[in-house]
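A.B. asks: I am sharing entry_18.cif, which consists of mmCIF, C-alpha atoms:
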```
data_work
#
loop_
_atom_site.label_atom_id
_atom_site.label_comp_id
_atom_site.auth_asym_id
_atom_site.auth_seq_id
_atom_site.Cartn_x
_atom_site.Cartn_y
_atom_site.Cartn_z
CA LEU Y 1 16.24 21.58 20.17
CA ASN Y 2 16.53 18.25 18.34
CA TRP Y 3 13.27 17.04 19.86
CA THR Y 4 11.49 20.15 18.58
CA GLY Y 5 13.00 19.82 15.09
CA HIS Y 6 15.45 22.77 15.31
CA TYR Y 7 18.37 20.77 13.99
CA ASN Y 8 20.50 23.67 12.69
CA GLN Y 9 20.24 25.56 15.97
CA SER Y 10 21.10 22.38 17.87
CA ALA Y 11 24.20 21.76 15.74
CA GLY Y 12 25.36 25.36 16.11
CA LEU Y 13 24.90 25.27 19.87
CA PHE Y 14 26.82 22.00 20.04
CA VAL Y 15 29.81 23.51 18.23
CA VAL Y 16 29.70 26.68 20.37
CA LEU Y 17 29.70 24.67 23.60
CA ALA Y 18 32.64 22.61 22.31
CA ALA Y 19 34.56 25.87 21.74
CA VAL Y 20 33.59 27.33 25.13
CA GLY Y 21 35.41 24.56 27.04
CA PRO Y 22 39.06 25.01 26.01
CA TRP Y 23 38.85 28.74 25.26
CA GLY Y 24 36.96 29.38 28.49
CA ALA Y 25 39.68 27.63 30.45
CA VAL Y 26 42.34 29.86 28.85
CA VAL Y 27 40.34 33.04 29.47
CA LEU Y 28 39.64 32.17 33.10
CA ASP Y 29 43.15 30.95 33.91
CA SER Y 30 45.91 31.23 31.31
CA ALA Y 31 48.20 29.20 33.58
CA VAL Y 32 46.26 26.09 32.60
CA VAL Y 33 48.10 26.14 29.26
CA SER Y 34 51.48 26.20 30.95
CA ALA Y 35 50.48 23.48 33.37
CA ASP Y 36 49.10 21.07 30.77
CA PHE Y 37 49.63 22.01 27.14
CA VAL Y 38 47.72 18.91 25.94
CA ALA Y 39 44.46 20.38 27.23
CA PHE Y 40 44.88 23.28 24.83
CA THR Y 41 44.74 20.93 21.86
CA TYR Y 42 40.99 20.65 22.47
CA VAL Y 43 40.60 23.91 20.53
CA VAL Y 44 40.43 21.70 17.42
CA LEU Y 45 37.31 19.92 18.73
CA PRO Y 46 34.83 22.56 17.48
CA LEU Y 47 36.50 22.37 14.06
CA LEU Y 48 35.96 18.63 13.90
CA LEU Y 49 32.34 18.92 15.06
CA SER Y 50 31.69 21.78 12.64
CA SER Y 51 32.91 19.65 9.74
CA LEU Y 52 30.24 17.07 10.60
CA LEU Y 53 27.34 19.30 11.65
CA LEU Y 54 27.63 22.67 9.92
CA ARG Y 55 28.10 23.99 6.39
CA PRO Y 56 31.61 24.23 4.85
CA ARG Y 57 31.64 28.06 4.93
CA VAL Y 58 30.99 28.00 8.70
CA THR Y 59 33.86 25.55 9.18
CA ILE Y 60 36.16 27.76 7.09
CA ALA Y 61 35.20 30.88 9.07
CA LEU Y 62 35.67 29.09 12.39
CA SER Y 63 39.07 27.73 11.30
CA LEU Y 64 40.34 31.16 10.24
CA LEU Y 65 39.09 32.72 13.47
CA GLU Y 66 40.86 30.14 15.64
CA LEU Y 67 44.11 30.43 13.67
CA VAL Y 68 44.10 34.25 13.99
CA VAL Y 69 43.43 34.11 17.73
CA LEU Y 70 46.06 31.39 18.26
CA ALA Y 71 48.66 33.40 16.32
CA SER Y 72 47.94 36.34 18.62
CA MET Y 73 48.19 34.30 21.82
CA PRO Y 74 51.90 35.00 22.60
CA THR Y 75 51.11 38.71 22.51
CA LEU Y 76 47.77 38.53 24.30
CA ILE Y 77 48.94 36.12 27.00
CA PRO Y 78 52.73 36.30 27.48
CA ALA Y 79 52.62 33.25 29.77
CA THR Y 80 52.02 31.11 26.66
CA ALA Y 81 55.14 32.33 24.86
CA PRO Y 82 57.24 29.22 25.70
CA ILE Y 83 54.82 27.04 23.68
CA ASN Y 84 56.11 25.80 20.34
CA TRP Y 85 53.65 28.00 18.45
CA PRO Y 86 54.84 27.24 14.88
CA GLY Y 87 54.39 23.51 15.47
CA PHE Y 88 51.07 23.98 17.28
CA LEU Y 89 49.73 26.34 14.58
CA GLY Y 90 50.78 23.80 11.96
CA PHE Y 91 48.84 21.13 13.85
CA VAL Y 92 45.73 23.32 14.07
CA ALA Y 93 46.04 24.43 10.44
CA THR Y 94 46.30 20.81 9.29
CA THR Y 95 43.28 19.86 11.39
CA ALA Y 96 41.37 22.85 10.03
CA ALA Y 97 42.18 21.89 6.43
CA LEU Y 98 41.06 18.32 6.99
CA SER Y 99 37.89 19.60 8.69
CA VAL Y 100 37.05 21.83 5.73
CA VAL Y 101 37.64 19.01 3.24
CA SER Y 102 35.55 16.65 5.38
CA SER Y 103 32.76 19.24 5.60
CA VAL Y 104 32.71 19.76 1.82
CA VAL Y 105 32.64 16.03 1.10
CA THR Y 106 30.04 15.30 3.78
CA HIS Y 107 27.66 18.03 2.68
CA ARG Y 108 28.11 17.12 -0.99
CA ASP Y 109 27.19 13.53 -0.18
CA MET Y 110 24.27 14.68 1.97
CA ALA Y 111 23.00 16.90 -0.84
CA GLN Y 112 23.24 13.99 -3.28
CA LEU Y 113 21.41 11.77 -0.80
CA ASP Y 114 18.68 14.41 -0.43
CA ARG Y 115 18.29 14.60 -4.21
CA GLN Y 116 18.04 10.83 -4.46
CA THR Y 117 15.51 10.77 -1.62
CA HIS Y 118 13.36 13.43 -3.30
CA GLN Y 119 13.65 11.64 -6.63
CA LEU Y 120 12.59 8.38 -5.00
CA ALA Y 121 9.63 10.14 -3.36
CA ARG Y 122 8.59 11.60 -6.72
CA SER Y 123 8.95 8.18 -8.36
CA GLU Y 124 6.80 6.59 -5.67
CA ALA Y 125 4.19 9.31 -6.12
CA THR Y 126 4.26 8.76 -9.88
CA MET Y 127 3.91 5.00 -9.48
CA ARG Y 128 1.03 5.52 -7.06
CA GLU Y 129 -0.65 7.85 -9.53
CA LEU Y 130 -0.17 5.37 -12.39
CA SER Y 131 -1.61 2.55 -10.29
CA ILE Y 132 -4.91 4.40 -9.74
CA ARG Y 133 -5.28 6.10 -13.13
CA ASP Y 134 -6.61 4.81 -16.41
CA PRO Y 135 -3.77 5.31 -18.91
CA LEU Y 136 -6.05 6.21 -21.82
CA THR Y 137 -8.43 8.76 -20.28
CA GLY Y 138 -6.46 9.96 -17.28
CA LEU Y 139 -9.46 9.30 -15.03
CA PHE Y 140 -9.32 7.03 -12.00
CA ASN Y 141 -9.47 3.32 -12.77
CA ARG Y 142 -11.96 0.70 -11.63
CA ARG Y 143 -9.89 -0.49 -8.68
CA TYR Y 144 -9.65 3.01 -7.27
CA MET Y 145 -13.36 3.55 -7.87
CA GLU Y 146 -14.25 0.42 -5.92
CA GLU Y 147 -11.99 1.44 -3.02
CA THR Y 148 -13.42 4.97 -3.02
CA LEU Y 149 -16.98 3.72 -3.25
CA GLU Y 150 -16.52 1.51 -0.20
CA ARG Y 151 -14.83 4.31 1.74
CA GLU Y 152 -17.45 6.94 0.84
CA VAL Y 153 -20.36 4.60 1.64
CA THR Y 154 -18.83 3.93 5.05
CA ARG Y 155 -18.38 7.66 5.65
CA ALA Y 156 -21.90 8.49 4.47
CA ALA Y 157 -23.37 5.82 6.75
CA ARG Y 158 -21.38 7.15 9.69
CA VAL Y 159 -22.36 10.82 9.28
CA GLY Y 160 -25.85 10.19 7.91
CA SER Y 161 -25.26 11.73 4.47
CA SER Y 162 -25.83 10.45 0.94
CA LEU Y 163 -23.67 9.39 -1.99
CA GLY Y 164 -24.72 9.89 -5.59
CA VAL Y 165 -23.61 7.38 -8.22
CA ILE Y 166 -23.83 7.96 -11.98
CA MET Y 167 -23.04 5.15 -14.38
CA MET Y 168 -22.80 6.11 -18.04
CA ASP Y 169 -22.17 4.34 -21.31
CA ILE Y 170 -21.45 5.59 -24.84
CA ASP Y 171 -24.33 4.77 -27.14
CA HIS Y 172 -23.56 2.45 -30.08
CA PHE Y 173 -19.84 2.53 -29.32
CA LYS Y 174 -19.19 -0.85 -30.96
CA ARG Y 175 -20.83 0.36 -34.15
CA PHE Y 176 -18.68 3.49 -33.96
CA ASN Y 177 -15.49 1.41 -33.58
CA ASP Y 178 -16.46 -0.87 -36.47
CA ARG Y 179 -17.02 2.15 -38.72
CA LEU Y 180 -14.03 4.36 -37.83
CA GLY Y 181 -11.61 1.97 -36.15
CA HIS Y 182 -10.40 1.44 -32.61
CA ALA Y 183 -7.85 4.27 -32.80
CA ALA Y 184 -10.67 6.74 -33.43
CA GLY Y 185 -12.58 5.12 -30.58
CA ASP Y 186 -9.63 5.73 -28.27
CA VAL Y 187 -9.60 9.40 -29.26
CA LEU Y 188 -13.27 9.61 -28.40
CA LEU Y 189 -12.72 7.97 -25.01
CA GLN Y 190 -9.91 10.43 -24.28
CA GLU Y 191 -12.12 13.40 -25.13
CA LEU Y 192 -14.90 12.00 -22.96
CA GLY Y 193 -12.42 11.66 -20.10
CA VAL Y 194 -11.39 15.31 -20.53
CA GLU Y 195 -15.02 16.42 -20.50
CA LEU Y 196 -15.83 14.42 -17.37
CA ALA Y 197 -12.81 15.93 -15.62
CA ARG Y 198 -14.28 19.38 -16.41
CA GLN Y 199 -17.68 18.46 -15.03
CA VAL Y 200 -16.65 17.11 -11.61
CA ARG Y 201 -16.49 19.04 -8.36
CA SER Y 202 -13.43 18.90 -6.12
CA ASP Y 203 -14.97 16.09 -4.03
CA ASP Y 204 -16.32 14.09 -6.97
CA VAL Y 205 -14.51 11.06 -8.36
CA ALA Y 206 -14.69 10.33 -12.09
CA CYS Y 207 -13.61 6.83 -13.15
CA ARG Y 208 -13.40 4.68 -16.23
CA TYR Y 209 -15.27 1.58 -15.19
CA GLY Y 210 -14.31 -0.48 -18.21
CA GLY Y 211 -14.56 -0.27 -22.00
CA GLU Y 212 -16.90 2.61 -22.81
CA GLU Y 213 -18.48 2.67 -19.33
CA PHE Y 214 -17.74 5.42 -16.82
CA VAL Y 215 -18.75 6.04 -13.21
CA LEU Y 216 -19.07 9.31 -11.34
CA LEU Y 217 -19.21 9.30 -7.53
CA MET Y 218 -20.71 12.38 -5.87
CA PRO Y 219 -20.40 12.55 -2.06
CA ASP Y 220 -23.16 14.37 -0.15
CA SER Y 221 -25.46 14.54 -3.19
CA SER Y 222 -29.17 13.87 -3.22
CA LEU Y 223 -30.98 12.06 -6.01
CA GLU Y 224 -32.18 15.37 -7.49
CA VAL Y 225 -28.69 16.92 -7.50
CA THR Y 226 -27.11 13.76 -8.94
CA ALA Y 227 -29.74 13.50 -11.69
CA LEU Y 228 -29.25 17.16 -12.57
CA ARG Y 229 -25.49 16.64 -12.85
CA ALA Y 230 -26.13 13.62 -15.07
CA GLU Y 231 -28.23 15.78 -17.40
CA ARG Y 232 -25.46 18.37 -17.58
CA VAL Y 233 -22.92 15.70 -18.43
CA ARG Y 234 -25.22 14.29 -21.11
CA ASP Y 235 -25.61 17.71 -22.73
CA ALA Y 236 -21.88 18.47 -22.50
CA VAL Y 237 -20.88 15.20 -24.19
CA LYS Y 238 -22.97 16.08 -27.23
CA ARG Y 239 -20.74 19.11 -27.82
CA ILE Y 240 -17.50 17.11 -27.92
CA GLN Y 241 -15.51 17.94 -31.05
CA ALA Y 242 -12.70 15.49 -31.78
CA GLU Y 243 -10.55 14.64 -34.78
CA HIS Y 244 -8.48 11.63 -35.79
CA HIS Y 245 -6.09 11.98 -38.76
CA GLY Y 246 -7.96 15.09 -39.84
CA ARG Y 247 -11.27 13.30 -39.76
CA ALA Y 248 -14.09 14.40 -37.44
CA VAL Y 249 -14.87 11.93 -34.67
CA GLY Y 250 -18.36 12.15 -33.27
CA PRO Y 251 -20.76 13.49 -32.30
CA ILE Y 252 -21.81 10.95 -29.71
CA THR Y 253 -24.50 10.49 -27.12
CA ILE Y 254 -24.44 8.71 -23.79
CA SER Y 255 -26.99 6.99 -21.59
CA LEU Y 256 -26.81 7.45 -17.83
CA GLY Y 257 -28.16 5.61 -14.81
CA VAL Y 258 -28.46 7.34 -11.43
CA ALA Y 259 -28.69 5.83 -7.95
CA VAL Y 260 -28.07 7.16 -4.44
CA PHE Y 261 -26.90 5.61 -1.18
CA PRO Y 262 -28.70 4.72 1.07
CA ASP Y 263 -31.97 5.01 -0.90
CA HIS Y 264 -31.07 2.43 -3.54
CA GLY Y 265 -28.76 0.06 -1.70
CA SER Y 266 -27.38 -0.77 1.71
CA ASP Y 267 -23.77 -0.96 0.48
CA GLY Y 268 -21.61 0.14 -2.44
CA ASP Y 269 -22.22 -2.94 -4.57
CA GLU Y 270 -26.00 -2.61 -4.30
CA VAL Y 271 -25.96 1.09 -5.17
CA LEU Y 272 -23.69 0.45 -8.14
CA GLU Y 273 -25.98 -2.36 -9.26
CA SER Y 274 -28.98 -0.01 -8.99
CA ALA Y 275 -27.18 2.58 -11.13
CA ASP Y 276 -26.29 -0.13 -13.65
CA SER Y 277 -29.91 -1.24 -13.78
CA ALA Y 278 -31.01 2.36 -14.33
CA LEU Y 279 -28.44 2.64 -17.13
CA TYR Y 280 -29.90 -0.47 -18.76
CA ASN Y 281 -33.34 1.12 -18.59
CA ALA Y 282 -32.04 4.31 -20.19
CA LYS Y 283 -30.67 2.32 -23.12
CA CYS Y 284 -33.79 0.19 -23.30
CA GLU Y 285 -35.95 3.33 -23.46
CA GLY Y 286 -34.10 4.68 -26.49
CA ARG Y 287 -30.66 5.87 -25.28
CA ASP Y 288 -29.39 9.46 -24.95
CA ARG Y 289 -31.21 9.97 -21.67
CA VAL Y 290 -30.88 9.90 -17.89
CA PHE Y 291 -32.76 7.26 -15.92
CA THR Y 292 -32.91 7.08 -12.12
CA ALA Y 293 -33.25 3.98 -10.00
CA GLU Y 294 -36.70 5.17 -8.92
CA GLN Y 295 -38.14 5.42 -12.43
CA THR Y 296 -40.09 2.55 -13.93
CA SER Y 297 -39.14 1.35 -17.39
CA THR Y 298 -41.94 0.46 -19.80
CA CYS Y 299 -39.36 -1.58 -21.66
CA ARG Y 300 -38.76 -3.70 -18.57
CA GLU Y 301 -42.51 -4.15 -18.13
CA ALA Y 302 -42.79 -5.35 -21.73
CA GLU Y 303 -39.96 -7.81 -21.16
CA ALA Y 304 -41.64 -9.09 -18.01
CA ASN Y 305 -44.97 -9.54 -19.84
CA ASP Y 306 -43.20 -11.33 -22.69
CA ASP Y 307 -41.47 -13.67 -20.23
CA ALA Y 308 -44.79 -14.38 -18.54
CA PHE Y 309 -46.45 -15.09 -21.89
CA GLN Y 310 -43.67 -17.51 -22.90
CA ALA Y 311 -43.96 -19.24 -19.53
#
```
Go ahead and render the structure in this file as structure tokens.

C.D. replies:
Amino acid sequence: LNWTGHYNQSAGLFVVLAAVGPWGAVVLDSAVVSADFVAFTYVVLPLLLSSLLLRPRVTIALSLLELVVLASMPTLIPATAPINWPGFLGFVATTAALSVVSSVVTHRDMAQLDRQTHQLARSEATMRELSIRDPLTGLFNRRYMEETLEREVTRAARVGSSLGVIMMDIDHFKRFNDRLGHAAGDVLLQELGVELARQVRSDDVACRYGGEEFVLLMPDSSLEVTALRAERVRDAVKRIQAEHHGRAVGPITISLGVAVFPDHGSDGDEVLESADSALYNAKCEGRDRVFTAEQTSTCREAEANDDAFQA
């Protein structure tokens, strides 16, 4: 029973078997009591075991039952009449009282230990949650994103699926902070975090990458699906309504870069770099837009031509 996890049944059976021994001997042959009275003292054994293994109310019930039966023994089995029953009943009653007290104390301590164990488990879960969450936005932090990205890329490579990556950045956020203050900027970041949490699927992972940059990981998503989600996020962010000290904060726009594993990188770092490059192109092309790693930026071409001319 212990091996299969039925601990209460095991404890109950243990106490029952401990009671069967001495009482069974008396039932089968009452002369055993006259021959060796000491053997009869084993009737207290189930009380002692019950105090350790079972609940206090079970120990109380078992103690009362044994005392009632023992008090009736001279009548039920006349051969036991010569026994000093008052002294023996006093011995059993004392043992029963100590067993009940022991059971109450033990189970109280066990209950306290269980509460402390549960509290410790909750504290560990809270600490774990704090270690992977960004305190300002409530989204996952960069460390968790990097771990998840590596894990999801490995899984996608193993099963032959894809992984969509969206990197986004708030447009002109520094200018916004300079105009309204960093406290207002924090409010805006919090609202953006709330909106991203609304936009993700159950398998998606939304993270604050750093500063005003955010990353969204989308397992099993093609480039088309990931780009479509990026457009939805871009539209949703425009509708953010936030206030700070009674003053409207926003509206804002974001630029987004989209890349997909394995099309735009052989590992997580390369895919993230491709998404970052696409984000740069989106900003270079005028901001408030989605750019994929497969699109060509005219801004980049102009930069390349300018570099060639200077060379």

A.B. asks: One decimal, Å: what's the distance from atom CA of Leu136 of chain Y over to atom CA of Glu273 of chain Y, could you say?

C.D. replies: 25.1 Å

A.B. asks: Show which residues sit within 9 Å of Asn281 of chain Y, as a count of residues only. Count all atoms listed in the file, and ignore same-chain residues fewer than 5 positions away.

C.D. replies: 12

A.B. asks: Please write as an NGL selection string the full residue list that the PyMOL selection byres ((chain Y and resi 137) around 8) yields on this file.

C.D. replies: :Y and (134-136 or 138-139 or 189-194 or 208)

A.B. asks: Applying the PyMOL selection byres ((chain Y and resi 237) around 12) to the file I just gave you, which residues come out? Please list them as an mmCIF file with C-alpha atoms, keeping the file's coordinate frame.

C.D. replies:
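Result file out_32.cif:
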```cif
data_model
loop_
_atom_site.group_PDB
_atom_site.id
_atom_site.type_symbol
_atom_site.label_atom_id
_atom_site.label_comp_id
_atom_site.auth_asym_id
_atom_site.auth_seq_id
_atom_site.Cartn_x
_atom_site.Cartn_y
_atom_site.Cartn_z
ATOM 1 C CA MET Y 168 -22.800 6.110 -18.040
ATOM 2 C CA ASP Y 169 -22.170 4.340 -21.310
ATOM 3 C CA ILE Y 170 -21.450 5.590 -24.840
ATOM 4 C CA ASP Y 171 -24.330 4.770 -27.140
ATOM 5 C CA LEU Y 188 -13.270 9.610 -28.400
ATOM 6 C CA LEU Y 189 -12.720 7.970 -25.010
ATOM 7 C CA GLN Y 190 -9.910 10.430 -24.280
ATOM 8 C CA GLU Y 191 -12.120 13.400 -25.130
ATOM 9 C CA LEU Y 192 -14.900 12.000 -22.960
ATOM 10 C CA GLY Y 193 -12.420 11.660 -20.100
ATOM 11 C CA VAL Y 194 -11.390 15.310 -20.530
ATOM 12 C CA GLU Y 195 -15.020 16.420 -20.500
ATOM 13 C CA LEU Y 196 -15.830 14.420 -17.370
ATOM 14 C CA ALA Y 197 -12.810 15.930 -15.620
ATOM 15 C CA ARG Y 198 -14.280 19.380 -16.410
ATOM 16 C CA GLN Y 199 -17.680 18.460 -15.030
ATOM 17 C CA ALA Y 230 -26.130 13.620 -15.070
ATOM 18 C CA GLU Y 231 -28.230 15.780 -17.400
ATOM 19 C CA ARG Y 232 -25.460 18.370 -17.580
ATOM 20 C CA VAL Y 233 -22.920 15.700 -18.430
ATOM 21 C CA ARG Y 234 -25.220 14.290 -21.110
ATOM 22 C CA ASP Y 235 -25.610 17.710 -22.730
ATOM 23 C CA ALA Y 236 -21.880 18.470 -22.500
ATOM 24 C CA LYS Y 238 -22.970 16.080 -27.230
ATOM 25 C CA ARG Y 239 -20.740 19.110 -27.820
ATOM 26 C CA ILE Y 240 -17.500 17.110 -27.920
ATOM 27 C CA GLN Y 241 -15.510 17.940 -31.050
ATOM 28 C CA ALA Y 242 -12.700 15.490 -31.780
ATOM 29 C CA GLY Y 250 -18.360 12.150 -33.270
ATOM 30 C CA PRO Y 251 -20.760 13.490 -32.300
ATOM 31 C CA ILE Y 252 -21.810 10.950 -29.710
ATOM 32 C CA THR Y 253 -24.500 10.490 -27.120
ATOM 33 C CA ILE Y 254 -24.440 8.710 -23.790
ATOM 34 C CA SER Y 255 -26.990 6.990 -21.590
ATOM 35 C CA LEU Y 256 -26.810 7.450 -17.830
ATOM 36 C CA ASP Y 288 -29.390 9.460 -24.950
ATOM 37 C CA ARG Y 289 -31.210 9.970 -21.670
#
```

A.B. asks: Have a look at Y:Gly185, Y:Gly87, Y:Gly210, Y:Pro74 and name the one nearest to Asn141 of chain Y; count only C-alpha atoms.

C.D. replies: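 The answer is Y:Gly210, which sits nearest to Asn141 of chain Y.
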
A.B. asks: In terms of the shortest atom-to-atom distance over all atoms listed in the file, which of Y:His264, Y:Thr80, Y:Leu53, Y:Leu163 is closest to Ser10 of chain Y?

C.D. replies: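 Result for the nearest residue to Ser10 of chain Y: Y:Leu53.
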
A.B. asks: One decimal, in Å: what's the spacing between atom CA of Asp204 of chain Y and atom CA of Thr148 of chain Y?

C.D. replies: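 Distance reported for this atom pair: 10.4 Å.
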
A.B. asks: Between Y:Pro86, Y:Pro56, Y:Gly268, Y:Gly246, which one has atoms that come closest to Met145 of chain Y, using all atoms listed in the file?

C.D. replies: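 When distances to Met145 of chain Y are compared using all atoms listed in the file, the smallest one comes from Y:Gly268.
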
A.B. asks: Written as a list of chain:residue names, what is the full residue list that the PyMOL selection byres ((chain Y and resi 209) around 9) yields on the file shown?

C.D. replies: Y:Phe140, Y:Asn141, Y:Arg142, Y:Arg143, Y:Met145, Y:Met167, Y:Cys207, Y:Arg208, Y:Gly210, Y:Gly211, Y:Glu212, Y:Glu213, Y:Phe214, Y:Val215

A.B. asks: Skip segment 21-23 of chain Y itself and residues of its chain fewer than 5 positions away, then list as an mmCIF file with C-alpha atoms, keeping the file's coordinate frame all residues within 7 Å of it, counting only C-alpha atoms.

C.D. replies:
```
data_model
loop_
_atom_site.group_PDB
_atom_site.id
_atom_site.type_symbol
_atom_site.label_atom_id
_atom_site.label_comp_id
_atom_site.auth_asym_id
_atom_site.auth_seq_id
_atom_site.Cartn_x
_atom_site.Cartn_y
_atom_site.Cartn_z
ATOM 1 C CA PHE Y 40 44.880 23.280 24.830
ATOM 2 C CA TYR Y 42 40.990 20.650 22.470
ATOM 3 C CA VAL Y 43 40.600 23.910 20.530
#
```

A.B. asks: What's the separation between atom CA of Ala25 of chain Y and atom CA of Pro46 of chain Y, in Å to one decimal place?

C.D. replies: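 Those two atoms sit 14.7 Å apart.
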